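To start, the structure itself, in structure tokens.
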Amino acid sequence: MAKGTIFLVGIMLLHCLVAMAEVEYLKYKDPKQPLNTRIKDLMDRMTLEEKIGQMVQIERVNATADVMKKYFIGSVLSGGGSVPKVNATAKDWVDMINKIQNGALSSRLGIPMIYGVDAVHGHNNVYNATIFPHNVGLGATRDPQLVKKIGEATALESRATGIPYVFAPCIAVCRDPRWGRCYESYSEDHKIVQAMTEIIPGLQGDVPANSPKGVPFVAGKNKVAACAKHFVGDGGTTKGINENNTVVTRHELLSIHMPAYYNSIIQGVSTIMVSYSSWNGEKMHANRDLVTDFLKNTLRFRGFVISDYEGIDRITSPPHANYTYSIETAVNAGLDMIMIPYNYPEFIDGLTLLVKNNFVPISRIDDAVKRILRVKFVMGLFENPLADYSFVDQLGSQEHREIAREAVRKSLVLLKNGKNVDKPILPLPKKASKVLVAGSHADNLGYQCGGWTIEWQGVDGNNFTSGTTILSAIKNTVDKDTEVVYQENPSLDYVKSNDFSYAIVVVGETPYAETKGDSLNLTISGNGTQTINNVCGGVKCVVVLITGRPVVIQPYVDTIDGLVAAWLPGSEGYGVTDVLFGDYGFSGKLPRTWFKTVDQLPMNVGDSHYDPLFPFGFGLTTKGNKAT
């Protein structure tokens with residue numbers, strides 16, 4: 001009896017040792033194995049169901065542990081404004097993401113999911129994050145190294161919340177300011193957009209010299225996977241209508257809208273997002289010629305291609321009218337990961353059926369999964385799938401706010417300085433008896449930050465995140481004996497009867513994102529023009545414009561003494577006062593042509609009908625008291 005027991009125990013022990021050996025020899029879990037060996041080993045073990053699951057990205061509200069495990073979900077996102085709770089801390093984010101990740105890890109093969117978020121001007125969904133100037137302002141700085149530092153800071157703040165993947169940068173070349181996403185574009189000039197792809201090594205880390213071109217690269221736990229978007233021609237649509245049709249020749253497409261993708265791929269960008277828009281009538285989400293033949297085969301991009309939010313639905317008009325067709329067309333066009341926030345079971349069933357009936361070849365599925373796994377392996381997600389609290393102090397850190405403040409300073413473009421050249425109004429004196437501050441945007445952090453801030457469409461007011469309004473910055477910058485009076489929209493009589501030394505008027509556009517920002521008239525919001533007329537009609541004034549693009553200003557220019565384009569500066573209002581009061585000089589240059597009237601649009605530098613109010617590259621300078 002004892003011998004039999006010993007024999008059984010021996011057999012069981014042998015089984016345990018064999019099982020342990022099998023666990024030990026899962027090549028895909030061994031970081032010492034070559035990248036392609038790991039990918040092949042894992043893919044050889046995967047069922048069709050597991051492969052299709054990797055191609056799916058769902059909204060976090062649907063990402064329960066059960067869903068992650070049951071459907072083998074490869075990725076999760078937070079849409080604009082989608083947060084664990086109001087005013088969530090970095091720890092709240094980490095806890096939520098780890099809960100979702102544990103669901104993914106509990107699946108048969110334990111493939112970690114990748115969590116993505118729109119961090120388009122800093123980690124902008126998150127309470128207390130540093131909000132950097134939007135891209136149009138960064139284009140005005142002409143400073144790629146500064147933009148790289150912003151990428152580094154954004155990566156750290158994203159990692160503070162446990163997020164390893166950001167849907168940035170937007171490398172659109174906005175050719176018409178009527179487009180509601182124009183502020184997400186660095187410039188109308190592709191050369192500036194190309195230079196600003198330096199944000200990619202900021203986000204991901206510098207590609208090693210020996211790294212093969214086109215292969216994604218992420219340096220480690222303090223870096224994130226980036227996403228160049230929106231491929232391609234999103235900034236060239238007719239009349240700037242969002243998601244519409246870009247009518248240009250192939251030569252124009254390749255010479256204006258494509259060049260920044262060359263740079264991004266050389267920088268090792270991990271992912272590329274496809275545009276909602278069409279090129280000469282063909283939806284980009286359905287364009288095999290450009291996605292597969294050009295991006296993947298000609299440019300040798302080795303990361304993964306991701307759809308935009310419900311982007312494949314919009315292949316048909318109306319959207320989702322023939323979803324089976326949309327799935328087949330998008331996947332066969334070369335899209336690897338599909339952003340389907342809500343109706344993922346329909347997508348999974350549809351794609352499974354299409355593969356089983358040979359409408360989508362298994363080779364296409366394998367290509368998609370190989371690319372997704374490549375990014376996950378490269379970024380160390382298999383070794384470090386769970387986030388911890390080690391970076392939480394990076395969120396909104398003082399160091400990052402200083403970088404943002406520097407970016408604001410360098411983004412400001414001085415368009416007019418005094419009614420006479422020999423009598424400049426800027427820099428303003430800090431010491432004055434009484435100063436008027438006016439305008440809807442002087443004391444509104446939400447307006448100052450613009451769209452894609454806390455909420456998708458942005459917010460109105462000062463209670464949604466932390467930062468410094470321009471009014472607050474003025475009060476803390478002027479001499480202690482200078483009286484600062486704030487009136488949002490004063491009458492001309494009030495201005496004339498109060499003996500102000502000078503006035504600062506801060507007006508502009510209210511926040512918007514995407515289609516809600518499309519505008520055919522490009523006017524200053526609310527009572528802004530009335531405020532300009534009342535204040536500047538009664539006292540020497542500097543007008544600071546808080547806008548995502550050039551707006552109609554020509555009728556008011558003669559009334560104004562000083563005119564500053566401040567774009568959408570973000571959370572650090574001190575960057576504006578640093579320059580207004582002369583601690584630093586104005587140095588920004590227009591990244592876009594400033595039109596006289598909207599009838600001239602589209603009008604870009606080099607056009608035959610070029611007759612701007614302020615030309616591309618324009619920007620007056622002043623000297624600062626401190627070294628920049």
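Naming works like this for the structure tokens: A, B, ... for the chains as they're shown, residue 1 at the start of each chain, ligands 1 onward in shown order.
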
Practice item. Find the residues near Ile266 of chain A: any atom within 6 Å, counting only C-alpha atoms, skip ones fewer than 2 places away on the same chain, and give them as a count of residues only. Key: 5

Review point. Near segment 307-309 of chain A, counting only C-alpha atoms, which residues have an atom at most 10 Å away, once you skip same-chain residues fewer than 2 positions from it, shown as a ChimeraX atom specification?
Key: /A:57-59,77,79,167,229-231,272-276,284-285,305,311-314,330-331,335-341

Practice item. List the neighbours of Pro591 of chain A out to 6 Å using only C-alpha atoms; skip same-chain residues closer than 5 positions along the sequence, and give me the result as a PyMOL selection string. Key: chain A and resi 139-140+187

Review point. Looking only at the backbone, which of the residues in segment 344-478 of chain A does DSSP tag as helix (DSSP H, G or I), as a ChimeraX atom specification?
Key: /A:344-356,362-378,392-394,398-411,445-449,470-477

Review point. Which residue out of A:His320, A:Arg409, A:Lys40, A:Arg159 has the minimum interatomic distance to Ser390 of chain A when only C-alpha atoms are used?
Key: A:Arg159

**Study point:** Top pick for closest residue to Leu105 of chain A, considering A:Asp176, A:Asp518, A:Glu188, A:Asp66 and counting only C-alpha atoms
**Key:**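 Closest residue, counting only C-alpha atoms: A:Asp66.
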
Exercise for review: Could you check which of A:Ile560, A:Ala155, A:Ala228, A:Ala219 is closest to Lys416 of chain A, using only C-alpha atoms?
Suggested key: A:Ile560

Check your understanding: Could you name the residues that touch Met46 of chain A at 12 Å or less, counting only C-alpha atoms, but leaving out those on the same chain fewer than 2 positions away, as number ranges by chain?
Key -> A: 28, 39-44, 48-54, 72, 107-111, 365-366, 369-370, 373

Output the selection as a short mmCIF file (atom, residue, chain, number, x, y, z; two decimals), in the first residue's frame - N, CA, C and O atoms for each residue.
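This went into result28.cif:
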```cif
data_model
loop_
_atom_site.label_atom_id
_atom_site.label_comp_id
_atom_site.auth_asym_id
_atom_site.auth_seq_id
_atom_site.Cartn_x
_atom_site.Cartn_y
_atom_site.Cartn_z
N TYR A 28 6.89 32.91 -25.73
CA TYR A 28 6.37 34.28 -25.85
C TYR A 28 6.44 35.05 -24.54
O TYR A 28 6.39 36.27 -24.52
N ILE A 39 6.54 36.55 -31.05
CA ILE A 39 5.29 36.77 -31.79
C ILE A 39 4.81 35.47 -32.41
O ILE A 39 3.63 35.08 -32.28
N LYS A 40 5.72 34.76 -33.07
CA LYS A 40 5.34 33.51 -33.76
C LYS A 40 4.87 32.46 -32.76
O LYS A 40 3.85 31.78 -32.97
N ASP A 41 5.58 32.33 -31.65
CA ASP A 41 5.21 31.34 -30.64
C ASP A 41 3.80 31.60 -30.11
O ASP A 41 3.00 30.67 -29.98
N LEU A 42 3.49 32.85 -29.84
CA LEU A 42 2.17 33.18 -29.31
C LEU A 42 1.09 32.98 -30.38
O LEU A 42 0.04 32.40 -30.11
N MET A 43 1.38 33.42 -31.59
CA MET A 43 0.36 33.31 -32.64
C MET A 43 0.06 31.85 -32.98
O MET A 43 -1.08 31.50 -33.30
N ASP A 44 1.07 31.00 -32.89
CA ASP A 44 0.86 29.56 -33.15
C ASP A 44 -0.10 28.94 -32.14
O ASP A 44 -0.72 27.90 -32.42
N LEU A 48 -8.75 31.42 -33.72
CA LEU A 48 -9.32 32.54 -34.48
C LEU A 48 -10.02 33.52 -33.54
O LEU A 48 -9.88 34.74 -33.68
N GLU A 49 -10.75 32.98 -32.58
CA GLU A 49 -11.48 33.81 -31.62
C GLU A 49 -10.52 34.72 -30.84
O GLU A 49 -10.78 35.92 -30.66
N GLU A 50 -9.41 34.16 -30.42
CA GLU A 50 -8.42 34.94 -29.66
C GLU A 50 -7.75 35.99 -30.55
O GLU A 50 -7.45 37.10 -30.10
N LYS A 51 -7.53 35.64 -31.81
CA LYS A 51 -6.92 36.61 -32.73
C LYS A 51 -7.86 37.79 -32.99
O LYS A 51 -7.44 38.95 -32.93
N ILE A 52 -9.11 37.50 -33.26
CA ILE A 52 -10.06 38.59 -33.53
C ILE A 52 -10.24 39.47 -32.29
O ILE A 52 -10.34 40.70 -32.40
N GLY A 53 -10.22 38.86 -31.13
CA GLY A 53 -10.31 39.64 -29.89
C GLY A 53 -9.20 40.67 -29.77
O GLY A 53 -9.44 41.80 -29.31
N GLN A 54 -8.01 40.31 -30.22
CA GLN A 54 -6.89 41.26 -30.18
C GLN A 54 -7.13 42.48 -31.05
O GLN A 54 -6.59 43.56 -30.80
N PHE A 72 -11.59 37.99 -25.20
CA PHE A 72 -10.14 38.12 -25.45
C PHE A 72 -9.79 39.52 -25.98
O PHE A 72 -8.99 39.68 -26.89
N SER A 107 -7.37 35.43 -19.09
CA SER A 107 -7.74 34.62 -20.26
C SER A 107 -6.71 33.51 -20.47
O SER A 107 -5.64 33.52 -19.86
N ARG A 108 -7.02 32.58 -21.34
CA ARG A 108 -6.21 31.36 -21.51
C ARG A 108 -4.73 31.65 -21.74
O ARG A 108 -3.86 31.05 -21.12
N LEU A 109 -4.43 32.62 -22.61
CA LEU A 109 -3.03 32.90 -22.94
C LEU A 109 -2.47 34.10 -22.17
O LEU A 109 -1.29 34.41 -22.26
N GLY A 110 -3.34 34.78 -21.44
CA GLY A 110 -2.88 35.90 -20.60
C GLY A 110 -2.26 37.05 -21.38
O GLY A 110 -1.26 37.63 -20.96
N ILE A 111 -2.87 37.39 -22.53
CA ILE A 111 -2.32 38.49 -23.34
C ILE A 111 -2.81 39.81 -22.75
O ILE A 111 -4.02 40.03 -22.63
N ILE A 365 -5.90 38.59 -41.07
CA ILE A 365 -6.06 38.55 -39.61
C ILE A 365 -4.69 38.39 -38.95
O ILE A 365 -4.35 39.08 -37.98
N ASP A 366 -3.90 37.48 -39.50
CA ASP A 366 -2.57 37.23 -38.93
C ASP A 366 -1.68 38.48 -39.01
O ASP A 366 -0.91 38.76 -38.09
N VAL A 369 -2.85 40.86 -36.21
CA VAL A 369 -2.51 40.41 -34.86
C VAL A 369 -1.01 40.49 -34.63
O VAL A 369 -0.54 40.89 -33.56
N LYS A 370 -0.24 40.14 -35.65
CA LYS A 370 1.23 40.22 -35.56
C LYS A 370 1.66 41.65 -35.22
O LYS A 370 2.52 41.89 -34.38
N LEU A 373 0.60 42.56 -31.57
CA LEU A 373 1.50 41.90 -30.60
C LEU A 373 2.89 42.50 -30.64
O LEU A 373 3.55 42.63 -29.60
#
```

Review point. Could you pull out the strand (DSSP E or B) residues of segment 248-318 of chain A from DSSP and send them as an MDAnalysis selection string?
Key: chainID A and resid 271:274 278:279 282:283 304:306

Residues of the last selection are to be written out with N, CA, C and O atoms, as a tab-separated table (two decimals), in the first residue's frame.
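And here's part_13.tsv as it stands now:
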```tsv
chain	number	residue	atom	x	y	z
A	271	THR	N	1.80	53.39	-33.66
A	271	THR	CA	0.50	53.19	-34.30
A	271	THR	C	0.15	54.39	-35.17
A	271	THR	O	0.69	55.49	-34.98
A	272	ILE	N	-0.74	54.16	-36.12
A	272	ILE	CA	-1.24	55.23	-36.98
A	272	ILE	C	-2.76	55.10	-37.05
A	272	ILE	O	-3.28	54.00	-37.27
A	273	MET	N	-3.46	56.21	-36.82
A	273	MET	CA	-4.92	56.20	-36.86
A	273	MET	C	-5.41	56.71	-38.21
A	273	MET	O	-4.93	57.72	-38.71
A	274	VAL	N	-6.42	56.02	-38.74
A	274	VAL	CA	-6.99	56.37	-40.04
A	274	VAL	C	-8.03	57.48	-39.87
A	274	VAL	O	-8.72	57.55	-38.85
A	278	SER	N	-12.47	61.42	-46.54
A	278	SER	CA	-12.29	60.71	-47.81
A	278	SER	C	-11.22	61.43	-48.64
A	278	SER	O	-10.96	62.62	-48.43
A	279	TRP	N	-10.64	60.70	-49.58
A	279	TRP	CA	-9.75	61.32	-50.57
A	279	TRP	C	-10.38	61.10	-51.94
A	279	TRP	O	-10.57	59.97	-52.37
A	282	GLU	N	-13.26	58.61	-51.87
A	282	GLU	CA	-13.09	57.28	-51.27
A	282	GLU	C	-12.75	57.41	-49.80
A	282	GLU	O	-11.77	58.07	-49.43
A	283	LYS	N	-13.56	56.75	-48.95
A	283	LYS	CA	-13.33	56.81	-47.50
A	283	LYS	C	-11.95	56.25	-47.16
A	283	LYS	O	-11.57	55.17	-47.65
A	304	PHE	N	0.87	49.06	-35.72
A	304	PHE	CA	-0.48	48.72	-36.15
A	304	PHE	C	-1.28	49.95	-36.55
A	304	PHE	O	-1.05	51.06	-36.08
A	305	VAL	N	-2.23	49.72	-37.46
A	305	VAL	CA	-3.12	50.76	-37.96
A	305	VAL	C	-4.44	50.62	-37.21
A	305	VAL	O	-5.02	49.53	-37.15
A	306	ILE	N	-4.91	51.73	-36.64
A	306	ILE	CA	-6.14	51.70	-35.85
A	306	ILE	C	-7.20	52.59	-36.50
A	306	ILE	O	-6.88	53.61	-37.11
```

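Among the candidate residues A:Tyr165, A:Lys191, A:Arg250, A:Thr237, the one lying nearest to Val269 of chain A is A:Tyr165, with distances computed using only C-alpha atoms.
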
Exercise for review: Tell me, in Å to one decimal, how far atom CA of Leu253 of chain A is from atom CA of Ala195 of chain A.
Suggested key: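 Here the two named atoms are 18.3 Å from each other.
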
Point to revise | Nearest residue to Tyr71 of chain A from the set A:Pro385, A:Gly526, A:Gly151, A:Pro345 (distances using only C-alpha atoms) | key: A:Pro345
